[in-house]
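What follows is the content of upload36.txt (compact mmCIF, C-alpha atoms).
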```txt
# COMPACT_ATOMS: atom_id res chain seq x y z
CA MET N 1 0.00 0.00 0.00
CA ALA N 2 1.26 3.49 -0.82
CA SER N 3 2.34 5.63 2.10
CA ARG N 4 -0.20 8.19 3.27
CA THR N 5 1.58 11.43 2.54
CA LYS N 6 0.17 14.93 2.66
CA THR N 7 -1.05 16.29 -0.67
CA SER N 8 -2.63 19.49 -1.92
CA GLU N 9 -4.75 17.53 -4.40
CA THR N 10 -8.52 17.38 -4.08
CA LYS N 11 -9.72 14.74 -1.63
CA THR N 12 -12.65 12.81 -2.99
CA SER N 13 -15.75 11.56 -1.30
CA ASP N 14 -16.31 7.86 -0.80
CA GLN N 15 -18.60 7.97 -3.83
CA SER N 16 -15.55 7.69 -6.12
CA PRO N 17 -14.35 4.08 -6.23
CA LEU N 18 -10.98 3.25 -4.71
CA ILE N 19 -8.23 2.15 -7.06
CA GLY N 20 -5.40 0.40 -5.25
CA THR N 21 -1.73 0.87 -6.03
CA ARG N 22 -1.35 -2.39 -7.95
CA ALA N 23 -4.45 -1.72 -10.05
CA LEU N 24 -3.18 1.80 -10.71
CA ASN N 25 0.17 0.34 -11.69
CA ARG N 26 -1.38 -2.08 -14.16
CA ALA N 27 -3.57 0.62 -15.71
CA THR N 28 -0.56 2.87 -16.22
CA LEU N 29 1.58 0.07 -17.66
CA ALA N 30 -1.20 -0.78 -20.11
CA ARG N 31 -1.33 2.84 -21.34
CA GLN N 32 2.46 2.88 -21.54
CA LEU N 33 2.55 -0.29 -23.71
CA LEU N 34 4.56 -2.08 -21.01
CA LEU N 35 2.27 -5.00 -20.14
CA SER N 36 2.86 -6.53 -23.56
CA ARG N 37 4.74 -5.22 -26.56
CA ALA N 38 2.39 -3.47 -28.96
CA GLU N 39 2.02 -4.15 -32.66
CA MET N 40 2.42 -0.46 -33.43
CA SER N 41 4.71 1.63 -35.61
CA ALA N 42 7.39 3.73 -33.95
CA ARG N 43 5.75 6.90 -35.22
CA ASP N 44 2.36 5.96 -33.79
CA ALA N 45 3.97 5.05 -30.47
CA VAL N 46 5.76 8.40 -30.23
CA ALA N 47 2.42 10.11 -30.84
CA HIS N 48 0.51 7.92 -28.37
CA LEU N 49 3.08 8.56 -25.63
CA LEU N 50 3.10 12.32 -26.34
CA GLY N 51 6.82 12.16 -26.98
CA LEU N 52 9.84 10.37 -25.55
CA GLN N 53 12.16 11.89 -22.97
CA ALA N 54 15.44 12.47 -24.80
CA GLN N 55 18.12 14.31 -22.83
CA ASN N 56 20.53 11.71 -24.20
CA VAL N 57 20.53 10.27 -27.71
CA LYS N 58 19.86 6.59 -27.02
CA PRO N 59 16.99 6.58 -24.48
CA PRO N 60 14.18 7.06 -27.04
CA TYR N 61 15.34 3.93 -28.85
CA PHE N 62 15.39 1.88 -25.66
CA GLN N 63 11.98 3.25 -24.67
CA LEU N 64 10.48 1.95 -27.90
CA HIS N 65 12.29 -1.39 -27.68
CA ALA N 66 10.64 -2.00 -24.30
CA ARG N 67 7.21 -1.21 -25.74
CA LEU N 68 6.99 -2.35 -29.36
CA ALA N 69 7.06 -5.80 -30.95
CA GLY N 70 9.90 -6.22 -33.41
CA PHE N 71 11.29 -2.73 -32.91
CA ARG N 72 14.70 -2.02 -34.40
CA PRO N 73 16.65 1.24 -33.96
CA ALA N 74 16.70 1.83 -37.71
CA GLU N 75 12.96 2.52 -37.66
CA LEU N 76 13.20 5.52 -35.34
CA ALA N 77 16.47 6.63 -36.97
CA GLY N 78 14.68 6.72 -40.32
CA LEU N 79 11.92 8.88 -38.85
CA MET N 80 14.56 11.27 -37.53
CA GLU N 81 16.27 11.52 -40.91
CA SER N 82 12.99 12.02 -42.79
CA ARG N 83 11.98 14.70 -40.26
CA GLU N 84 8.82 12.88 -39.25
CA VAL N 85 10.03 13.11 -35.65
CA VAL N 86 12.30 15.74 -34.09
CA ARG N 87 14.13 16.49 -30.84
CA MET N 88 13.26 19.70 -29.01
CA VAL N 89 12.67 21.24 -25.58
CA THR N 90 9.03 20.90 -24.54
CA MET N 91 7.60 19.33 -21.40
CA ARG N 92 9.30 20.27 -18.12
CA SER N 93 11.91 22.27 -20.09
CA THR N 94 13.50 18.97 -21.14
CA ILE N 95 14.35 17.55 -24.54
CA HIS N 96 11.74 15.23 -26.03
CA THR N 97 11.44 13.33 -29.28
CA HIS N 98 8.09 14.32 -30.82
CA THR N 99 6.22 13.72 -34.02
CA ALA N 100 6.36 16.67 -36.39
CA HIS N 101 2.74 17.52 -35.58
CA ASP N 102 3.31 17.52 -31.83
CA ALA N 103 6.53 19.50 -32.20
CA LEU N 104 4.56 22.25 -33.91
CA THR N 105 1.58 22.20 -31.55
CA LEU N 106 2.77 21.06 -28.11
CA ARG N 107 5.64 23.53 -27.99
CA PRO N 108 3.34 26.60 -28.02
CA LEU N 109 1.17 24.96 -25.36
CA VAL N 110 4.08 25.10 -22.88
CA GLN N 111 5.31 28.56 -23.93
CA ALA N 112 4.10 30.08 -20.65
CA ALA N 113 6.54 27.86 -18.77
CA ARG N 114 9.36 28.91 -21.09
CA ASP N 115 8.47 32.57 -20.46
CA ARG N 116 8.76 31.96 -16.71
CA GLU N 117 12.17 30.42 -17.29
CA VAL N 118 13.32 33.57 -19.10
CA ALA N 119 12.09 35.64 -16.15
CA TYR N 120 14.49 33.78 -13.85
CA PHE N 121 17.38 35.15 -15.93
CA ARG N 122 15.99 38.67 -16.37
CA LYS N 123 18.77 40.21 -14.26
CA GLY N 124 21.31 39.13 -16.89
CA LEU N 125 19.15 40.61 -19.66
CA THR N 126 19.03 44.22 -18.48
CA GLY N 127 18.56 46.47 -21.47
CA VAL N 128 17.74 43.57 -23.80
CA ASP N 129 14.58 43.87 -25.90
CA LEU N 130 13.31 40.28 -25.88
CA ASP N 131 11.24 40.69 -29.03
CA ARG N 132 14.28 41.96 -30.89
CA LEU N 133 16.40 39.18 -29.42
CA ALA N 134 13.94 36.60 -30.73
CA GLU N 135 13.98 38.21 -34.18
CA ARG N 136 17.78 38.29 -34.30
CA ALA N 137 18.12 34.71 -33.11
CA ARG N 138 15.48 33.45 -35.55
CA ALA N 139 17.15 35.13 -38.52
CA PHE N 140 20.51 33.68 -37.47
CA VAL N 141 19.35 30.05 -37.15
CA ASP N 142 17.07 30.25 -40.16
CA ALA N 143 20.11 31.04 -42.31
CA GLU N 144 21.61 27.67 -41.29
CA PRO N 145 21.53 25.45 -38.19
CA ARG N 146 23.76 26.83 -35.45
CA THR N 147 25.30 25.64 -32.21
CA MET N 148 24.25 27.29 -28.99
CA ALA N 149 27.74 28.80 -28.70
CA GLU N 150 27.33 30.39 -32.12
CA ILE N 151 23.92 31.77 -31.16
CA ARG N 152 25.36 33.19 -27.96
CA GLU N 153 28.25 34.90 -29.77
CA GLU N 154 25.90 36.38 -32.34
CA LEU N 155 23.65 37.84 -29.65
CA LEU N 156 26.62 39.23 -27.74
CA VAL N 157 27.44 41.36 -30.77
CA HIS N 158 24.13 43.16 -30.28
CA TRP N 159 24.07 43.11 -26.46
CA PRO N 160 27.70 42.99 -25.30
CA ALA N 161 26.82 44.00 -21.72
CA ALA N 162 24.34 41.16 -21.24
CA ASP N 163 25.12 37.90 -19.46
CA PRO N 164 26.05 35.29 -22.12
CA GLN N 165 24.18 32.43 -20.44
CA SER N 166 21.06 34.54 -20.04
CA LEU N 167 21.13 35.35 -23.76
CA SER N 168 21.37 31.63 -24.56
CA VAL N 169 18.48 30.76 -22.25
CA ALA N 170 16.34 33.51 -23.73
CA ALA N 171 16.92 32.30 -27.28
CA ARG N 172 16.18 28.69 -26.36
CA CYS N 173 12.99 29.63 -24.54
CA LEU N 174 11.61 32.24 -26.92
CA LEU N 175 12.14 30.20 -30.09
CA PRO N 176 10.92 26.66 -30.88
CA LEU N 177 14.35 25.19 -31.65
CA VAL N 178 14.93 21.62 -32.78
CA GLN N 179 18.16 19.64 -32.75
CA VAL N 180 18.89 18.83 -36.38
CA THR N 181 20.25 15.50 -37.59
CA PRO N 182 22.61 13.68 -37.48
CA ARG N 183 22.13 14.44 -33.78
CA GLY N 184 19.74 11.84 -32.40
CA VAL N 185 20.25 9.28 -35.19
CA TRP N 186 21.19 5.79 -33.94
CA GLY N 187 24.75 4.85 -34.88
CA ARG N 188 25.74 8.36 -35.94
CA SER N 189 27.28 11.23 -34.04
CA GLY N 190 26.91 14.95 -34.31
CA GLN N 191 27.05 18.02 -32.12
CA VAL N 192 23.90 19.87 -31.17
CA ARG N 193 22.96 22.25 -33.96
CA LEU N 194 19.67 24.11 -33.82
CA ALA N 195 17.06 25.33 -36.28
CA THR N 196 13.54 26.62 -35.80
CA VAL N 197 10.94 23.90 -36.01
CA GLU N 198 9.18 25.75 -38.83
CA ARG N 199 12.33 25.98 -40.96
CA TRP N 200 13.37 22.37 -40.27
CA LEU N 201 9.94 20.95 -41.06
CA GLY N 202 9.15 23.39 -43.85
CA GLU N 203 5.82 24.29 -42.24
CA GLU N 204 4.27 27.44 -40.86
CA ALA N 205 3.90 27.94 -37.12
CA ALA N 206 0.80 26.19 -35.79
CA PRO N 207 -1.54 27.15 -32.95
CA ALA N 208 -1.18 25.27 -29.68
CA GLN N 209 -3.15 22.08 -29.27
CA PRO N 210 -6.25 22.83 -27.19
CA VAL N 211 -5.42 22.06 -23.59
CA ASP N 212 -8.57 19.93 -23.21
CA ASP N 213 -7.37 17.69 -26.05
CA VAL N 214 -3.97 17.31 -24.42
CA VAL N 215 -5.61 16.39 -21.09
CA LEU N 216 -7.41 13.55 -22.85
CA ARG N 217 -4.22 12.42 -24.58
CA TYR N 218 -2.31 12.55 -21.29
CA LEU N 219 -4.90 10.37 -19.57
CA GLY N 220 -4.72 7.96 -22.50
CA ALA N 221 -0.97 7.57 -22.01
CA PHE N 222 -0.49 8.11 -18.26
CA GLY N 223 -3.88 7.77 -16.57
CA PRO N 224 -5.62 7.44 -14.26
CA ALA N 225 -4.09 10.68 -13.03
CA SER N 226 -4.66 13.72 -10.87
CA VAL N 227 -4.50 17.34 -11.96
CA LYS N 228 -1.17 17.65 -10.18
CA ASP N 229 0.13 14.60 -12.03
CA MET N 230 -0.46 16.23 -15.40
CA GLN N 231 0.99 19.52 -14.19
CA THR N 232 4.13 17.63 -13.20
CA TRP N 233 4.34 15.99 -16.63
CA ALA N 234 3.80 19.21 -18.56
CA GLY N 235 5.65 21.64 -16.30
CA LEU N 236 2.52 23.79 -16.30
CA THR N 237 0.20 25.14 -13.62
CA ARG N 238 -3.52 25.95 -13.39
CA LEU N 239 -4.83 22.93 -15.28
CA ARG N 240 -7.70 22.35 -12.85
CA GLU N 241 -10.09 24.36 -15.02
CA ALA N 242 -9.52 22.08 -18.01
CA PHE N 243 -10.18 18.96 -15.93
CA GLU N 244 -13.37 20.49 -14.58
CA ARG N 245 -14.61 21.27 -18.08
CA LEU N 246 -14.01 17.66 -19.02
CA ARG N 247 -15.39 16.13 -15.82
CA PRO N 248 -18.81 15.22 -17.33
CA SER N 249 -17.07 13.04 -19.94
CA LEU N 250 -14.56 11.46 -17.53
CA ILE N 251 -14.72 9.03 -14.63
CA THR N 252 -12.99 9.48 -11.29
CA PHE N 253 -11.32 7.27 -8.70
CA ARG N 254 -9.65 7.88 -5.38
CA ASP N 255 -6.21 6.46 -4.69
CA GLU N 256 -5.05 5.06 -1.34
CA ASN N 257 -4.23 8.60 -0.16
CA GLY N 258 -7.72 9.84 -1.06
CA THR N 259 -6.49 11.87 -4.04
CA GLU N 260 -8.92 12.28 -6.91
CA LEU N 261 -7.79 10.63 -10.14
CA PHE N 262 -9.42 11.28 -13.51
CA ASP N 263 -9.63 8.80 -16.35
CA LEU N 264 -11.12 8.04 -19.73
CA PRO N 265 -14.20 5.82 -19.40
CA ASP N 266 -13.07 3.27 -21.99
CA ALA N 267 -9.34 3.22 -21.22
CA PRO N 268 -7.77 -0.11 -20.21
CA ARG N 269 -7.71 -0.87 -16.49
CA PRO N 270 -6.48 -4.45 -16.17
CA ASP N 271 -6.97 -6.50 -13.04
CA ALA N 272 -4.40 -5.85 -10.32
CA ASP N 273 -3.13 -9.43 -10.66
CA THR N 274 -2.42 -9.13 -14.40
CA PRO N 275 1.13 -10.40 -15.04
CA ALA N 276 3.67 -7.68 -15.78
CA PRO N 277 6.85 -9.01 -17.44
CA PRO N 278 10.29 -7.54 -16.68
CA ARG N 279 11.14 -4.48 -18.73
CA PHE N 280 14.46 -2.69 -19.15
CA LEU N 281 13.91 1.08 -19.35
CA PRO N 282 16.50 3.75 -20.13
CA GLU N 283 17.41 6.70 -17.97
CA PHE N 284 14.77 9.45 -18.00
CA ASP N 285 11.89 7.21 -19.08
CA ASN N 286 8.67 9.21 -18.80
CA LEU N 287 7.00 6.38 -16.90
CA LEU N 288 9.05 7.43 -13.86
CA LEU N 289 8.81 11.20 -14.38
CA SER N 290 5.24 12.04 -15.33
CA HIS N 291 3.30 11.89 -12.06
CA ALA N 292 3.48 13.96 -8.90
CA ASP N 293 2.92 10.77 -6.89
CA ARG N 294 5.19 8.08 -8.33
CA THR N 295 4.29 5.30 -5.91
CA ARG N 296 2.31 3.63 -8.71
CA VAL N 297 5.75 2.52 -10.00
CA VAL N 298 8.31 3.41 -7.31
CA ALA N 299 7.87 2.07 -3.79
CA PRO N 300 8.56 4.74 -1.13
CA GLU N 301 11.42 2.79 0.40
CA ILE N 302 13.47 2.91 -2.83
CA LYS N 303 12.72 6.49 -3.81
CA GLY N 304 15.89 8.17 -5.08
CA ARG N 305 17.69 4.93 -5.97
CA THR N 306 17.70 5.73 -9.69
CA TRP N 307 20.21 8.56 -9.24
CA THR N 308 23.81 8.81 -8.06
CA GLY N 309 24.71 12.48 -7.74
CA ASN N 310 23.80 13.99 -11.12
CA GLN N 311 23.88 10.65 -12.91
CA ALA N 312 20.59 9.01 -13.82
CA HIS N 313 20.64 5.23 -14.07
CA ARG N 314 18.78 2.92 -16.40
CA THR N 315 15.97 1.14 -14.59
CA LEU N 316 14.45 -2.32 -14.42
CA LEU N 317 10.78 -3.09 -13.79
CA VAL N 318 9.87 -6.40 -12.16
CA ASP N 319 6.21 -7.22 -11.58
CA GLY N 320 5.48 -3.71 -12.84
CA PHE N 321 7.48 -1.83 -10.20
CA LEU N 322 10.98 -0.38 -10.05
CA ALA N 323 13.21 -3.24 -8.95
CA GLY N 324 16.76 -2.50 -10.04
CA LEU N 325 19.26 -0.79 -12.31
CA TRP N 326 21.21 -1.97 -15.33
CA ARG N 327 24.23 -1.21 -17.47
CA LEU N 328 25.09 -2.36 -20.98
CA ASP N 329 28.72 -2.84 -22.04
CA ASP N 330 29.98 -3.81 -25.46
CA GLY N 331 32.07 -6.66 -24.09
CA GLY N 332 35.51 -5.37 -24.98
CA THR N 333 37.43 -4.43 -28.07
CA GLU N 334 36.24 -5.39 -31.51
CA GLY N 335 37.32 -8.88 -32.47
CA SER N 336 37.96 -10.00 -28.90
CA GLY N 337 35.22 -12.60 -29.15
CA THR N 338 33.44 -11.28 -26.09
CA GLY N 339 29.80 -10.36 -26.65
CA PRO N 340 27.87 -7.54 -25.03
CA VAL N 341 27.35 -7.76 -21.28
CA LEU N 342 24.19 -6.67 -19.48
CA THR N 343 24.80 -6.09 -15.77
CA VAL N 344 21.72 -6.02 -13.55
CA GLU N 345 21.69 -4.67 -10.00
CA LEU N 346 18.58 -5.80 -8.12
CA PHE N 347 17.03 -4.04 -5.16
CA GLY N 348 16.59 -6.94 -2.75
CA THR N 349 16.45 -10.66 -3.41
CA ARG N 350 14.41 -12.36 -6.13
CA SER N 351 13.42 -15.95 -6.68
CA ARG N 352 15.29 -18.09 -9.18
CA ALA N 353 12.22 -18.14 -11.43
CA ARG N 354 12.02 -14.35 -11.39
CA LYS N 355 15.73 -14.03 -12.20
CA GLU N 356 15.26 -16.39 -15.13
CA GLU N 357 12.50 -14.09 -16.43
CA ILE N 358 14.87 -11.13 -16.10
CA GLU N 359 17.62 -13.00 -17.92
CA ALA N 360 15.26 -13.92 -20.75
CA GLU N 361 14.14 -10.31 -21.17
CA GLY N 362 17.80 -9.27 -20.97
CA GLN N 363 18.58 -11.50 -23.94
CA VAL N 364 15.74 -9.84 -25.87
CA LEU N 365 17.38 -6.49 -25.12
CA LEU N 366 20.83 -7.72 -26.15
CA THR N 367 19.57 -9.18 -29.42
CA GLY N 368 17.48 -6.18 -30.38
CA MET N 369 19.71 -3.33 -29.21
CA ALA N 370 23.26 -4.61 -28.86
CA GLY N 371 23.60 -7.08 -31.71
CA GLY N 372 23.60 -9.97 -29.20
CA PRO N 373 23.49 -12.61 -28.02
CA GLY N 374 25.51 -11.74 -24.96
CA SER N 375 25.57 -12.40 -21.27
CA VAL N 376 23.35 -11.22 -18.43
CA ARG N 377 25.05 -10.87 -15.06
CA PHE N 378 23.69 -9.95 -11.65
CA GLY N 379 25.87 -7.64 -9.60
CA SER N 380 26.57 -3.95 -8.99
CA ILE N 381 26.40 -1.52 -11.87
CA GLN N 382 29.03 0.53 -10.05
CA GLY N 383 31.48 -2.35 -10.30
```

Could I get this structure in the form of structure tokens?
Amino acid sequence: MASRTKTSETKTSDQSPLIGTRALNRATLARQLLLSRAEMSARDAVAHLLGLQAQNVKPPYFQLHARLAGFRPAELAGLMESREVVRMVTMRSTIHTHTAHDALTLRPLVQAARDREVAYFRKGLTGVDLDRLAERARAFVDAEPRTMAEIREELLVHWPAADPQSLSVAARCLLPLVQVTPRGVWGRSGQVRLATVERWLGEEAAPAQPVDDVVLRYLGAFGPASVKDMQTWAGLTRLREAFERLRPSLITFRDENGTELFDLPDAPRPDADTPAPPRFLPEFDNLLLSHADRTRVVAPEIKGRTWTGNQAHRTLLVDGFLAGLWRLDDGGTEGSGTGPVLTVELFGTRSRARKEEIEAEGQVLLTGMAGGPGSVRFGSIQG
């Protein structure tokens, strides 16, 4: 049972049915395509999940491997190269991989949060006309994709007394910038170079998706969920009004803390005892980042175990809940004859049968993502 912590969320009456932690876990895993791998294209999965967290290059590929039947990295890489998906800063001021449509329409939805971010750096922007800064930066990156250092140096020519970092932040927040390929393409390397989403996609700026529509999409991918959950996912505030407008078409539950959770009437809510196979997730997977209350996946006693200092670790789900960390090594120098090695660090002991399930899923990971077969070892990922 989840711990009974204080929350500012609305407490429901007993008229809303209780949904226990395991049932909530299974419902979320079903929406996240993690109870069984979906027969779905990579593009459709990126759209369904409202984007993939992508601070690093490889995590989006591992996110799809955990969720899609027969996924191979070349599928998402091809979408990157054909500009059907792009990498850009959106939800929570973090980089996400989005479909072209969502890149054009979700980015303006979160512009208010980007404006607040600029306000934090206003002291370093004394005397800077932000509208003019946006115009200068847009003209510069529309001429050709630029690095952030190049953008900063260009802006310093016009505002030499301004703080360089503040100028960079302002440009990144005021403009919808995408990271152009080869950055983000599996098996290729490239520094971060930026272009406006309109120039990169060859499309005009689009209006923001209606917030009510995004609420429904969020519930379809992350529900059942509270207002605060969605605000955590989006990095936005004041979403209560949208939920209230939609209330007549939604259903509600109360979790074990009494918090009101909204959901789509016809969304999947499997039985709490539905089997949940092991799944290897990359660092920054949105499953672990998109709710204010994460006990549906992370037990309170292991909160914080996915980080060491500023380093985020890759995570393992067992029976639907966070159960360990993992590391993938190439097995040595080319031609050594040693295959890739997957090291798994478990939180606590597991039965032999459960470890065999983990090993089997590990081999699926090695074959699909590391050119396996290889070996799965249990130990410390710090070793």

*asked:* Just to confirm, what's the straight-line distance from CA of Leu346 (chain N) to CA of Asp255 (chain N) in Å (one decimal)?
replied: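 Going from CA of Leu346 (chain N) over to CA of Asp255 (chain N), I get 27.9 Å.
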
*Would you work out the distance separating CA of Gln32 (chain N) from CA of Lys58 (chain N), expressed in Å to one decimal?*
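Separation between CA of Gln32 (chain N) and CA of Lys58 (chain N): 18.6 Å.
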
*Which residues, written as a PyMOL selection string, have at least one atom at most 12 Å from Asp319 (chain N), with all atoms listed in the file counted and residues fewer than 2 positions away on the same chain left out?*
chain N and resi 22+25-26+29+34-35+272-279+296-298+316-317+321-324+350+354-355+357-358

Restricted to C-alpha atoms, what would the selected residues look like written as a CSV table (one decimal), in the coordinates of the input?
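Saved result, part-v4.csv, follows:
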```csv
chain,number,residue,atom,x,y,z
N,22,ARG,CA,-1.4,-2.4,-8.0
N,25,ASN,CA,0.2,0.3,-11.7
N,26,ARG,CA,-1.4,-2.1,-14.2
N,29,LEU,CA,1.6,0.1,-17.7
N,34,LEU,CA,4.6,-2.1,-21.0
N,35,LEU,CA,2.3,-5.0,-20.1
N,272,ALA,CA,-4.4,-5.8,-10.3
N,273,ASP,CA,-3.1,-9.4,-10.7
N,274,THR,CA,-2.4,-9.1,-14.4
N,275,PRO,CA,1.1,-10.4,-15.0
N,276,ALA,CA,3.7,-7.7,-15.8
N,277,PRO,CA,6.8,-9.0,-17.4
N,278,PRO,CA,10.3,-7.5,-16.7
N,279,ARG,CA,11.1,-4.5,-18.7
N,296,ARG,CA,2.3,3.6,-8.7
N,297,VAL,CA,5.8,2.5,-10.0
N,298,VAL,CA,8.3,3.4,-7.3
N,316,LEU,CA,14.4,-2.3,-14.4
N,317,LEU,CA,10.8,-3.1,-13.8
N,321,PHE,CA,7.5,-1.8,-10.2
N,322,LEU,CA,11.0,-0.4,-10.0
N,323,ALA,CA,13.2,-3.2,-9.0
N,324,GLY,CA,16.8,-2.5,-10.0
N,350,ARG,CA,14.4,-12.4,-6.1
N,354,ARG,CA,12.0,-14.4,-11.4
N,355,LYS,CA,15.7,-14.0,-12.2
N,357,GLU,CA,12.5,-14.1,-16.4
N,358,ILE,CA,14.9,-11.1,-16.1
```

_Nearest-residue call for Val185 (chain N), choices N:Val344, N:Ala42, N:Ala77, N:Leu49, using all atoms listed in the file_ = N:Ala77

*Rank nothing, just name the residue among N:Pro300, N:Pro282, N:Pro17, N:Gly124 nearest to Ser166 (chain N), using only C-alpha atoms.*
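Nearest candidate to Ser166 (chain N) out of N:Pro300, N:Pro282, N:Pro17, N:Gly124: N:Gly124.
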
*Work out how far CA of Thr147 (chain N) is from CA of Ala162 (chain N), in Å to one decimal.*
19.0 Å

Between region 73-103 of chain N and region 193-197 of chain N, at 10 Å or less, what are the per-residue closest atom pairs and their distances in Å? Count all atoms listed in the file, order by chain and rising residue number, and return it as JSON lines.
```
{"residue": "N:Val86", "atom": "CA", "partner": "N:Val197", "partner_atom": "CA", "distance": 8.5}
{"residue": "N:Arg87", "atom": "CA", "partner": "N:Val197", "partner_atom": "CA", "distance": 9.6}
{"residue": "N:Met88", "atom": "CA", "partner": "N:Val197", "partner_atom": "CA", "distance": 8.5}
{"residue": "N:Ala100", "atom": "CA", "partner": "N:Val197", "partner_atom": "CA", "distance": 8.6}
{"residue": "N:Ala103", "atom": "CA", "partner": "N:Val197", "partner_atom": "CA", "distance": 7.3}
```

Using C-alpha atoms, can you write the selected residues to a file as a tab-separated table (two decimals), keeping the file's coordinate frame?
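selection_10.tsv, written as the output of this step:
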```
chain	number	residue	atom	x	y	z
N	86	VAL	CA	12.30	15.74	-34.09
N	87	ARG	CA	14.13	16.49	-30.84
N	88	MET	CA	13.26	19.70	-29.01
N	100	ALA	CA	6.36	16.67	-36.39
N	103	ALA	CA	6.53	19.50	-32.20
```

*Between N:Ala299, N:Ala221, N:Ala38, N:Ala312, which one has atoms that come closest to Asn56 (chain N), using only C-alpha atoms?*
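Between N:Ala299, N:Ala221, N:Ala38, N:Ala312, the residue approaching Asn56 (chain N) most closely is N:Ala312.
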
*Would you list the contacts of region 240-246 of chain N as a PyMOL selection string, taking every protein, DNA or RNA residue within 8 Å and counting only C-alpha atoms, but skipping same-chain residues closer than 6 positions in sequence?*
chain N and resi 211-212+215+227

Could those selected residues go to a file with C-alpha atoms, as a tab-separated table (two decimals), keeping the file's coordinate frame?
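again_39.tsv, freshly written:
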```tsv
chain	number	residue	atom	x	y	z
N	211	VAL	CA	-5.42	22.06	-23.59
N	212	ASP	CA	-8.57	19.93	-23.21
N	215	VAL	CA	-5.61	16.39	-21.09
N	227	VAL	CA	-4.50	17.34	-11.96
```

*asked:* Under the rule that only C-alpha atoms are counted, which of N:Tyr218, N:Trp200, N:Phe280, N:Trp307 is the nearest residue to Leu342 (chain N)?
replied: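 Selected residue with least distance to Leu342 (chain N): N:Phe280.
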
Given 4 Å on each side, where is the centre and what are the edge lengths in Å to one decimal of the axis-aligned box enclosing the listed atoms of region 375-381 of chain N, as AutoDock Vina command-line options?
```
--center_x 25.0 --center_y -7.0 --center_z -15.1 --size_x 11.2 --size_y 18.9 --size_z 20.3
```

*Excluding same-chain residues fewer than 3 positions from Leu174 (chain N), what lies within 7 Å of it counting only C-alpha atoms, as a count of residues only?*
3

*Contact residues around Asp263 (chain N) with all atoms listed in the file at 12 Å, ignoring same-chain residues under 4 positions, as a ChimeraX atom specification*: /N:16,19,24,27-28,31,215-227,230,243,246-254,267-269

*Go through N:Leu18, N:Leu236, N:Met91, N:Leu104 one by one, measure the shortest atom-to-atom distance of each to Gly202 (chain N) using only C-alpha atoms, and give the residue with the smallest value.*
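The shortest atom-to-atom distance to Gly202 (chain N) comes from N:Leu104.
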
*Pick from N:Leu79, N:Val341, N:Leu281, N:Cys173: nearest to Pro59 (chain N), with all atoms listed in the file counted?*
N:Leu281

*If you count all atoms listed in the file, which residues fall within 8 Å of Ala370 (chain N), apart from same-chain ones fewer than 4 positions away, as a list in words?*
Asp330, Pro340, Leu365 and Leu366 of chain N
